[in-house]
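File shown: protein00.pdb (PDB, C-alpha atoms, pLDDT in the B column).
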```pdb
ATOM      1  CA  MET J   1      89.265  33.567 -77.968  1.00 54.00           C
ATOM      2  CA  ASN J   2      93.005  33.964 -78.354  1.00 55.00           C
ATOM      3  CA  GLU J   3      94.984  31.039 -79.681  1.00 53.00           C
ATOM      4  CA  PRO J   4      98.356  30.389 -78.036  1.00 52.00           C
ATOM      5  CA  ASP J   5     101.290  31.378 -80.198  1.00 52.00           C
ATOM      6  CA  LYS J   6     102.461  28.078 -81.702  1.00 50.00           C
ATOM      7  CA  ARG J   7     105.682  29.610 -83.015  1.00 50.00           C
ATOM      8  CA  LYS J   8     107.200  29.791 -79.557  1.00 51.00           C
ATOM      9  CA  GLY J   9     109.755  27.119 -78.766  1.00 48.00           C
ATOM     10  CA  GLY J  10     109.498  24.488 -76.127  1.00 47.00           C
ATOM     11  CA  SER J  11     110.957  24.606 -72.674  1.00 47.00           C
ATOM     12  CA  LYS J  12     113.477  27.319 -71.912  1.00 49.00           C
ATOM     13  CA  LEU J  13     115.041  25.214 -69.145  1.00 53.00           C
ATOM     14  CA  ALA J  14     117.833  23.798 -71.284  1.00 62.00           C
ATOM     15  CA  ARG J  15     119.104  26.531 -73.559  1.00 73.00           C
ATOM     16  CA  SER J  16     121.792  25.225 -75.834  1.00 81.00           C
ATOM     17  CA  GLU J  17     124.084  26.940 -78.269  1.00 86.00           C
ATOM     18  CA  THR J  18     124.900  25.871 -81.780  1.00 87.00           C
ATOM     19  CA  VAL J  19     128.590  25.251 -82.353  1.00 87.00           C
ATOM     20  CA  THR J  20     130.088  24.418 -85.716  1.00 90.00           C
ATOM     21  CA  VAL J  21     132.657  21.650 -85.593  1.00 88.00           C
ATOM     22  CA  ARG J  22     134.802  20.349 -88.388  1.00 93.00           C
ATOM     23  CA  LEU J  23     135.270  16.579 -88.508  1.00 94.00           C
ATOM     24  CA  ASP J  24     137.400  14.716 -90.992  1.00 96.00           C
ATOM     25  CA  PRO J  25     135.417  12.142 -93.028  1.00 96.00           C
ATOM     26  CA  LYS J  26     136.683   9.128 -91.100  1.00 96.00           C
ATOM     27  CA  LEU J  27     135.885  10.646 -87.671  1.00 96.00           C
ATOM     28  CA  ARG J  28     132.451  11.785 -88.853  1.00 96.00           C
ATOM     29  CA  TYR J  29     131.606   8.315 -90.176  1.00 95.00           C
ATOM     30  CA  LEU J  30     132.719   6.640 -86.950  1.00 96.00           C
ATOM     31  CA  ALA J  31     130.821   9.182 -84.841  1.00 95.00           C
ATOM     32  CA  GLU J  32     127.683   8.491 -86.932  1.00 96.00           C
ATOM     33  CA  LEU J  33     128.095   4.752 -86.282  1.00 97.00           C
ATOM     34  CA  ALA J  34     128.516   5.358 -82.540  1.00 96.00           C
ATOM     35  CA  ALA J  35     125.446   7.609 -82.569  1.00 96.00           C
ATOM     36  CA  ARG J  36     123.420   4.883 -84.316  1.00 97.00           C
ATOM     37  CA  LYS J  37     124.545   2.358 -81.742  1.00 96.00           C
ATOM     38  CA  GLN J  38     123.324   4.636 -78.940  1.00 96.00           C
ATOM     39  CA  ARG J  39     120.168   5.558 -80.920  1.00 97.00           C
ATOM     40  CA  ARG J  40     121.077   9.222 -80.897  1.00 96.00           C
ATOM     41  CA  SER J  41     121.402  11.941 -83.498  1.00 95.00           C
ATOM     42  CA  LEU J  42     124.949  12.885 -84.441  1.00 95.00           C
ATOM     43  CA  SER J  43     124.658  16.228 -82.623  1.00 93.00           C
ATOM     44  CA  SER J  44     123.308  14.512 -79.494  1.00 94.00           C
ATOM     45  CA  TYR J  45     126.170  12.008 -79.636  1.00 95.00           C
ATOM     46  CA  ILE J  46     128.775  14.781 -79.996  1.00 94.00           C
ATOM     47  CA  GLU J  47     127.292  16.649 -77.043  1.00 93.00           C
ATOM     48  CA  TRP J  48     127.380  13.463 -74.952  1.00 95.00           C
ATOM     49  CA  ALA J  49     130.970  12.722 -76.037  1.00 95.00           C
ATOM     50  CA  VAL J  50     132.151  16.210 -75.079  1.00 94.00           C
ATOM     51  CA  GLU J  51     130.444  15.962 -71.691  1.00 94.00           C
ATOM     52  CA  ASP J  52     131.918  12.497 -71.134  1.00 95.00           C
ATOM     53  CA  SER J  53     135.411  13.721 -72.007  1.00 95.00           C
ATOM     54  CA  LEU J  54     135.326  16.341 -69.220  1.00 95.00           C
ATOM     55  CA  ALA J  55     136.052  13.585 -66.710  1.00 94.00           C
ATOM     56  CA  HIS J  56     139.318  12.863 -68.530  1.00 93.00           C
ATOM     57  CA  VAL J  57     140.722  16.393 -68.780  1.00 94.00           C
ATOM     58  CA  THR J  58     142.837  17.147 -65.711  1.00 93.00           C
ATOM     59  CA  LEU J  59     142.839  20.656 -64.278  1.00 92.00           C
ATOM     60  CA  ARG J  60     145.131  19.987 -61.335  1.00 90.00           C
ATOM     61  CA  GLU J  61     147.235  17.040 -60.354  1.00 90.00           C
ATOM     62  CA  ASP J  62     149.560  16.417 -57.454  1.00 87.00           C
ATOM     63  CA  MET J  63     151.053  13.366 -55.790  1.00 88.00           C
ATOM     64  CA  HIS J  64     147.860  12.511 -53.926  1.00 91.00           C
ATOM     65  CA  SER J  65     144.983  13.596 -56.144  1.00 92.00           C
ATOM     66  CA  ARG J  66     143.764  14.554 -59.576  1.00 93.00           C
ATOM     67  CA  THR J  67     140.987  17.055 -60.339  1.00 93.00           C
ATOM     68  CA  SER J  68     139.145  16.948 -63.659  1.00 93.00           C
ATOM     69  CA  VAL J  69     136.992  19.519 -65.416  1.00 95.00           C
ATOM     70  CA  GLY J  70     133.998  17.272 -64.748  1.00 94.00           C
ATOM     71  CA  GLU J  71     134.692  17.221 -61.015  1.00 93.00           C
ATOM     72  CA  GLU J  72     134.962  21.012 -60.884  1.00 94.00           C
ATOM     73  CA  ALA J  73     131.990  21.669 -63.176  1.00 94.00           C
ATOM     74  CA  SER J  74     129.513  22.500 -60.424  1.00 93.00           C
ATOM     75  CA  TYR J  75     131.959  24.968 -58.841  1.00 95.00           C
ATOM     76  CA  LEU J  76     133.138  26.600 -62.079  1.00 96.00           C
ATOM     77  CA  TRP J  77     129.739  27.053 -63.744  1.00 95.00           C
ATOM     78  CA  ASP J  78     127.527  29.990 -62.868  1.00 95.00           C
ATOM     79  CA  VAL J  79     124.812  31.699 -64.888  1.00 95.00           C
ATOM     80  CA  ASP J  80     126.332  35.088 -64.059  1.00 96.00           C
ATOM     81  CA  ASP J  81     129.365  36.056 -66.175  1.00 96.00           C
ATOM     82  CA  ALA J  82     131.116  37.902 -63.346  1.00 97.00           C
ATOM     83  CA  ASP J  83     130.759  35.023 -60.880  1.00 97.00           C
ATOM     84  CA  ARG J  84     131.836  32.460 -63.474  1.00 97.00           C
ATOM     85  CA  PHE J  85     134.915  34.519 -64.347  1.00 98.00           C
ATOM     86  CA  ALA J  86     135.892  35.061 -60.703  1.00 98.00           C
ATOM     87  CA  LYS J  87     135.546  31.375 -59.850  1.00 97.00           C
ATOM     88  CA  LEU J  88     137.833  30.421 -62.726  1.00 97.00           C
ATOM     89  CA  ALA J  89     140.356  33.152 -61.891  1.00 97.00           C
ATOM     90  CA  LEU J  90     140.464  32.277 -58.203  1.00 97.00           C
ATOM     91  CA  ARG J  91     141.024  28.547 -58.672  1.00 95.00           C
ATOM     92  CA  TYR J  92     142.712  28.285 -62.078  1.00 96.00           C
ATOM     93  CA  PRO J  93     144.396  31.593 -62.999  1.00 96.00           C
ATOM     94  CA  ASP J  94     146.697  29.682 -65.360  1.00 95.00           C
ATOM     95  CA  LEU J  95     143.696  29.049 -67.655  1.00 96.00           C
ATOM     96  CA  LEU J  96     142.994  32.764 -68.203  1.00 97.00           C
ATOM     97  CA  THR J  97     143.647  34.309 -71.606  1.00 97.00           C
ATOM     98  CA  HIS J  98     145.784  37.456 -71.786  1.00 97.00           C
ATOM     99  CA  ASP J  99     142.696  39.699 -71.913  1.00 96.00           C
ATOM    100  CA  GLU J 100     141.211  37.878 -68.912  1.00 97.00           C
ATOM    101  CA  GLN J 101     144.499  38.289 -67.018  1.00 97.00           C
ATOM    102  CA  VAL J 102     144.301  42.060 -67.559  1.00 97.00           C
ATOM    103  CA  ARG J 103     140.721  42.100 -66.208  1.00 98.00           C
ATOM    104  CA  TRP J 104     141.689  39.887 -63.245  1.00 98.00           C
ATOM    105  CA  LYS J 105     144.583  42.205 -62.345  1.00 97.00           C
ATOM    106  CA  LEU J 106     142.175  45.157 -62.174  1.00 97.00           C
ATOM    107  CA  ILE J 107     139.808  43.152 -59.981  1.00 98.00           C
ATOM    108  CA  ARG J 108     142.581  41.915 -57.670  1.00 97.00           C
ATOM    109  CA  GLU J 109     143.813  45.481 -57.186  1.00 96.00           C
ATOM    110  CA  SER J 110     140.406  46.937 -56.302  1.00 95.00           C
ATOM    111  CA  GLY J 111     139.933  47.086 -52.545  1.00 94.00           C
ATOM    112  CA  LEU J 112     136.229  47.738 -53.051  1.00 95.00           C
ATOM    113  CA  LEU J 113     135.694  44.116 -54.102  1.00 96.00           C
ATOM    114  CA  TRP J 114     137.442  42.353 -51.222  1.00 96.00           C
ATOM    115  CA  ARG J 115     136.857  41.788 -47.528  1.00 94.00           C
ATOM    116  CA  GLY J 116     139.656  43.371 -45.580  1.00 92.00           C
ATOM    117  CA  ARG J 117     140.541  45.707 -42.749  1.00 92.00           C
ATOM    118  CA  TYR J 118     142.404  48.879 -41.970  1.00 91.00           C
ATOM    119  CA  GLY J 119     145.896  47.927 -40.853  1.00 89.00           C
ATOM    120  CA  ALA J 120     148.271  49.519 -38.381  1.00 84.00           C
ATOM    121  CA  ASN J 121     149.189  52.112 -41.003  1.00 89.00           C
ATOM    122  CA  ASP J 122     145.439  52.969 -41.390  1.00 90.00           C
ATOM    123  CA  LYS J 123     145.478  51.689 -44.992  1.00 92.00           C
ATOM    124  CA  TRP J 124     142.826  49.291 -46.330  1.00 92.00           C
ATOM    125  CA  SER J 125     144.352  45.867 -46.926  1.00 91.00           C
ATOM    126  CA  TRP J 126     142.906  42.606 -48.228  1.00 94.00           C
ATOM    127  CA  GLU J 127     143.910  39.176 -49.404  1.00 94.00           C
ATOM    128  CA  VAL J 128     142.860  37.745 -52.750  1.00 95.00           C
ATOM    129  CA  LYS J 129     141.166  34.500 -51.755  1.00 94.00           C
ATOM    130  CA  GLU J 130     137.933  32.674 -52.515  1.00 93.00           C
ATOM    131  CA  ASP J 131     136.065  33.663 -49.375  1.00 94.00           C
ATOM    132  CA  GLY J 132     137.254  37.283 -49.558  1.00 95.00           C
ATOM    133  CA  LEU J 133     135.572  38.333 -52.811  1.00 96.00           C
ATOM    134  CA  LEU J 134     132.378  40.383 -52.551  1.00 97.00           C
ATOM    135  CA  TYR J 135     130.469  38.957 -55.505  1.00 97.00           C
ATOM    136  CA  ASP J 136     127.604  41.457 -55.307  1.00 97.00           C
ATOM    137  CA  ARG J 137     130.033  44.363 -55.765  1.00 97.00           C
ATOM    138  CA  LEU J 138     131.819  42.584 -58.606  1.00 97.00           C
ATOM    139  CA  ARG J 139     128.482  42.078 -60.399  1.00 98.00           C
ATOM    140  CA  GLU J 140     127.567  45.730 -59.831  1.00 97.00           C
ATOM    141  CA  HIS J 141     130.797  46.982 -61.445  1.00 97.00           C
ATOM    142  CA  TRP J 142     131.440  44.110 -63.900  1.00 98.00           C
ATOM    143  CA  ALA J 143     130.758  46.123 -67.056  1.00 97.00           C
ATOM    144  CA  THR J 144     133.206  48.819 -65.930  1.00 97.00           C
ATOM    145  CA  PHE J 145     136.013  46.336 -65.213  1.00 97.00           C
ATOM    146  CA  CYS J 146     135.440  44.713 -68.622  1.00 97.00           C
ATOM    147  CA  ALA J 147     135.434  48.071 -70.421  1.00 97.00           C
ATOM    148  CA  VAL J 148     138.612  49.286 -68.695  1.00 97.00           C
ATOM    149  CA  ALA J 149     140.353  45.969 -69.382  1.00 97.00           C
ATOM    150  CA  ASP J 150     139.519  46.074 -73.097  1.00 96.00           C
ATOM    151  CA  GLY J 151     140.550  49.742 -73.369  1.00 95.00           C
ATOM    152  CA  SER J 152     137.149  51.210 -74.223  1.00 96.00           C
ATOM    153  CA  ARG J 153     137.138  53.145 -70.922  1.00 96.00           C
ATOM    154  CA  GLY J 154     139.906  54.673 -68.857  1.00 96.00           C
ATOM    155  CA  ALA J 155     141.191  53.610 -65.450  1.00 94.00           C
ATOM    156  CA  GLU J 156     139.638  56.739 -63.943  1.00 95.00           C
ATOM    157  CA  ASP J 157     136.237  55.064 -64.448  1.00 96.00           C
ATOM    158  CA  LEU J 158     137.073  52.211 -62.061  1.00 96.00           C
ATOM    159  CA  PRO J 159     135.183  52.266 -58.762  1.00 95.00           C
ATOM    160  CA  THR J 160     137.040  53.651 -55.752  1.00 92.00           C
ATOM    161  CA  TRP J 161     137.062  52.809 -52.062  1.00 91.00           C
ATOM    162  CA  GLN J 162     138.168  54.405 -48.801  1.00 90.00           C
ATOM    163  CA  LYS J 163     141.900  53.634 -48.985  1.00 91.00           C
ATOM    164  CA  THR J 164     142.801  55.090 -45.598  1.00 90.00           C
ATOM    165  CA  LYS J 165     140.910  54.748 -42.353  1.00 88.00           C
ATOM    166  CA  PRO J 166     138.371  57.547 -42.037  1.00 84.00           C
ATOM    167  CA  THR J 167     138.968  59.952 -39.193  1.00 76.00           C
ATOM    168  CA  SER J 168     136.149  61.382 -37.139  1.00 65.00           C
ATOM    169  CA  TYR J 169     136.911  65.110 -37.358  1.00 62.00           C
ATOM    170  CA  GLY J 170     133.363  66.084 -36.438  1.00 51.00           C
ATOM    171  CA  ALA J 171     133.139  63.862 -33.361  1.00 49.00           C
ATOM    172  CA  PRO J 172     133.285  65.587 -29.983  1.00 50.00           C
ATOM    173  CA  LYS J 173     136.478  65.144 -28.049  1.00 50.00           C
ATOM    174  CA  PRO J 174     136.236  63.523 -24.643  1.00 50.00           C
ATOM    175  CA  PRO J 175     136.370  66.088 -21.836  1.00 52.00           C
ATOM    176  CA  ALA J 176     139.755  66.690 -20.308  1.00 52.00           C
ATOM    177  CA  LYS J 177     140.219  65.510 -16.708  1.00 52.00           C
ATOM    178  CA  SER J 178     140.594  68.269 -14.167  1.00 50.00           C
ATOM    179  CA  SER J 179     142.986  68.056 -11.288  1.00 51.00           C
ATOM    180  CA  THR J 180     140.111  68.199  -8.800  1.00 50.00           C
ATOM    181  CA  GLY J 181     138.308  65.192 -10.217  1.00 51.00           C
ATOM    182  CA  PHE J 182     135.139  67.221 -10.847  1.00 51.00           C
ATOM    183  CA  ASP J 183     135.319  67.121 -14.630  1.00 50.00           C
ATOM    184  CA  ASP J 184     131.908  68.370 -15.610  1.00 51.00           C
ATOM    185  CA  MET J 185     131.218  70.992 -12.913  1.00 50.00           C
ATOM    186  CA  ASP J 186     130.460  74.471 -14.137  1.00 51.00           C
ATOM    187  CA  ASP J 187     132.324  77.404 -12.574  1.00 52.00           C
ATOM    188  CA  ASP J 188     129.142  79.471 -12.329  1.00 53.00           C
ATOM    189  CA  ILE J 189     126.901  77.570  -9.951  1.00 52.00           C
ATOM    190  CA  PRO J 190     123.473  79.292  -9.982  1.00 52.00           C
ATOM    191  CA  PHE J 191     122.611  79.087  -6.229  1.00 47.00           C
TER     192      PHE J 191
END
```

Give the structure from the file, written as structure tokens.
Amino acid sequence: MNEPDKRKGGSKLARSETVTVRLDPKLRYLAELAARKQRRSLSSYIEWAVEDSLAHVTLREDMHSRTSVGEEASYLWDVDDADRFAKLALRYPDLLTHDEQVRWKLIRESGLLWRGRYGANDKWSWEVKEDGLLYDRLREHWATFCAVADGSRGAEDLPTWQKTKPTSYGAPKPPAKSSTGFDDMDDDIPF
């Protein structure tokens, strides 16, 4: 009978990452006291404190409203890197690093990734807006956009799209109208 492997960890539902933080002695001591008061470990207290602080960090503010990181958390978080990046770039482009701005420019300029239409000049046009992004295509080509943005691949590797409206060269032309009104009559009637 096989014994279950006891070396495997517990639940994989809440994966966390280890982050090293540097605290000055006074702050560490006070954080330890606060953790004791809440009957938590120091690391659990720090995680709680960071999460609690998200409600106090303002992402956007105008005369009528204020939006915090905590309020936007459910929109901004996604398990998929490409989706998470696009959501941040669409709503808060001012928070992008320089490298992320380069990647976002490539994405914004790719007609393959956006809903659009062929305009009067028969050229594909689109608007960069939240409901216009085709997330499945972004995910499919994410690695390429990242590689081109960081310089490890060239721009020629970016995906392409039909930039001008396709013409139907192989389609039959409609028959020309005759002056008699009998458009499809054959000259050689077999009777």

Original post:
What is the atom CA of J:Asp150-atom CA of J:Asp81 distance in Å, reported with one decimal?
Top reply: 15.9 Å

**OP:** Could you please give me, as a list in words, the residues of protein, DNA or RNA lying at most 9 Å from (132.7, 14.2, -84.6) in the coordinate frame of the file, considering all atoms listed in the file?
**Re:**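 Here the neighbourhood of the point contains Val21, Arg22, Leu23, Asp24, Leu27, Arg28, Tyr29, Leu30, Ala31, Glu32, Leu42, Ser43, Tyr45, Ile46 and Ala49 of chain J.
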
Original post:
Interatomic distance between atom CA of J:Ala147 and atom CA of J:Thr164?
Top reply: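 Distance between the two atoms: 26.8 Å.
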
Original post:
Could you pull the residues within 10 Å of J:Trp124, counting only C-alpha atoms, minus those fewer than 6 positions along the same chain, as a VMD selection string?
Top reply: chain J and resid 111 to 112 115 to 118 161 to 165

For those residues, write C-alpha atoms to a file as a short mmCIF file (atom, residue, chain, number, x, y, z; two decimals), in the frame of the given file.
```cif
data_model
loop_
_atom_site.label_atom_id
_atom_site.label_comp_id
_atom_site.auth_asym_id
_atom_site.auth_seq_id
_atom_site.Cartn_x
_atom_site.Cartn_y
_atom_site.Cartn_z
CA GLY J 111 139.93 47.09 -52.54
CA LEU J 112 136.23 47.74 -53.05
CA ARG J 115 136.86 41.79 -47.53
CA GLY J 116 139.66 43.37 -45.58
CA ARG J 117 140.54 45.71 -42.75
CA TYR J 118 142.40 48.88 -41.97
CA TRP J 161 137.06 52.81 -52.06
CA GLN J 162 138.17 54.40 -48.80
CA LYS J 163 141.90 53.63 -48.98
CA THR J 164 142.80 55.09 -45.60
CA LYS J 165 140.91 54.75 -42.35
#
```

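When atom CA of J:Leu59 is paired with atom CA of J:Trp104, their separation reads 19.3 Å.
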
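When the PyMOL selection byres ((chain J and resi 89-95) around 8) is run on the displayed coordinates, the residues it returns are Leu59, Phe85, Ala86, Lys87, Leu88, Leu96, Thr97, Gln101, Trp104, Lys129 and Glu130 of chain J.
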
Report, as AutoDock Vina command-line options, the centre and edge lengths in Å (one decimal) of the axis-aligned box enclosing every listed atom of stretch 16-34 of chain J, padded by 3 Å on each side.
```
--center_x 129.6 --center_y 15.8 --center_z -84.4 --size_x 21.6 --size_y 28.2 --size_z 23.2
```

**OP:** Take the PyMOL selection byres ((chain J and resi 134) around 9), apply it to the structure above, and return the hits as JSON, numbers by chain.
**Re:** {"J": [112, 113, 114, 115, 131, 132, 133, 135, 136, 137, 138, 139]}

Would you put the residues from that selection into a file with C-alpha atoms, as a tab-separated table (two decimals), keeping the file's coordinate frame?
```
chain	number	residue	atom	x	y	z
J	112	LEU	CA	136.23	47.74	-53.05
J	113	LEU	CA	135.69	44.12	-54.10
J	114	TRP	CA	137.44	42.35	-51.22
J	115	ARG	CA	136.86	41.79	-47.53
J	131	ASP	CA	136.06	33.66	-49.38
J	132	GLY	CA	137.25	37.28	-49.56
J	133	LEU	CA	135.57	38.33	-52.81
J	135	TYR	CA	130.47	38.96	-55.50
J	136	ASP	CA	127.60	41.46	-55.31
J	137	ARG	CA	130.03	44.36	-55.76
J	138	LEU	CA	131.82	42.58	-58.61
J	139	ARG	CA	128.48	42.08	-60.40
```

Using the structure block above, produce a file of stretch 46-105 of chain J that contains C-alpha atoms, as a compact mmCIF listing (two decimals), in the first residue's frame.
```txt
# COMPACT_ATOMS: atom_id res chain seq x y z
CA ILE J 46 2.84 42.93 8.16
CA GLU J 47 0.73 41.26 5.49
CA TRP J 48 -2.45 42.53 7.17
CA ALA J 49 -0.99 46.04 7.52
CA VAL J 50 -0.04 46.20 3.84
CA GLU J 51 -3.50 45.00 2.81
CA ASP J 52 -5.14 47.51 5.15
CA SER J 53 -3.04 50.35 3.76
CA LEU J 54 -4.36 49.76 0.22
CA ALA J 55 -7.56 51.54 1.19
CA HIS J 56 -5.53 54.67 1.95
CA VAL J 57 -3.46 54.90 -1.24
CA THR J 58 -5.32 56.98 -3.82
CA LEU J 59 -5.05 56.06 -7.48
CA ARG J 60 -7.37 58.73 -8.83
CA GLU J 61 -9.01 61.72 -7.27
CA ASP J 62 -11.27 64.41 -8.65
CA MET J 63 -13.69 66.92 -7.19
CA HIS J 64 -16.42 64.35 -6.65
CA SER J 65 -14.69 61.07 -5.87
CA ARG J 66 -11.57 59.27 -4.76
CA THR J 67 -10.47 55.80 -5.90
CA SER J 68 -8.05 53.76 -3.81
CA VAL J 69 -5.91 50.75 -4.68
CA GLY J 70 -8.16 48.67 -2.42
CA GLU J 71 -11.27 49.72 -4.33
CA GLU J 72 -9.69 48.84 -7.67
CA ALA J 73 -8.10 45.59 -6.47
CA SER J 74 -10.71 43.27 -7.94
CA TYR J 75 -10.46 45.00 -11.34
CA LEU J 76 -6.66 45.29 -11.43
CA TRP J 77 -5.80 41.76 -10.27
CA ASP J 78 -5.81 38.86 -12.69
CA VAL J 79 -3.94 35.56 -12.57
CA ASP J 80 -2.85 36.05 -16.18
CA ASP J 81 0.12 38.41 -16.66
CA ALA J 82 -1.14 39.80 -19.97
CA ASP J 83 -4.62 40.59 -18.63
CA ARG J 84 -3.21 42.12 -15.45
CA PHE J 85 -0.85 44.32 -17.46
CA ALA J 86 -3.56 45.45 -19.89
CA LYS J 87 -5.98 46.34 -17.09
CA LEU J 88 -3.35 48.50 -15.41
CA ALA J 89 -2.32 50.14 -18.69
CA LEU J 90 -5.88 50.89 -19.74
CA ARG J 91 -6.95 52.51 -16.47
CA TYR J 92 -3.71 53.84 -14.99
CA PRO J 93 -1.08 54.33 -17.73
CA ASP J 94 0.68 56.85 -15.48
CA LEU J 95 1.71 53.97 -13.18
CA LEU J 96 3.63 52.12 -15.91
CA THR J 97 7.42 51.92 -15.74
CA HIS J 98 9.43 52.97 -18.80
CA ASP J 99 9.79 49.35 -19.96
CA GLU J 100 6.04 48.80 -19.52
CA GLN J 101 5.33 51.98 -21.51
CA VAL J 102 7.39 50.59 -24.41
CA ARG J 103 5.40 47.32 -24.29
CA TRP J 104 2.08 49.22 -24.05
CA LYS J 105 2.97 51.34 -27.09
```
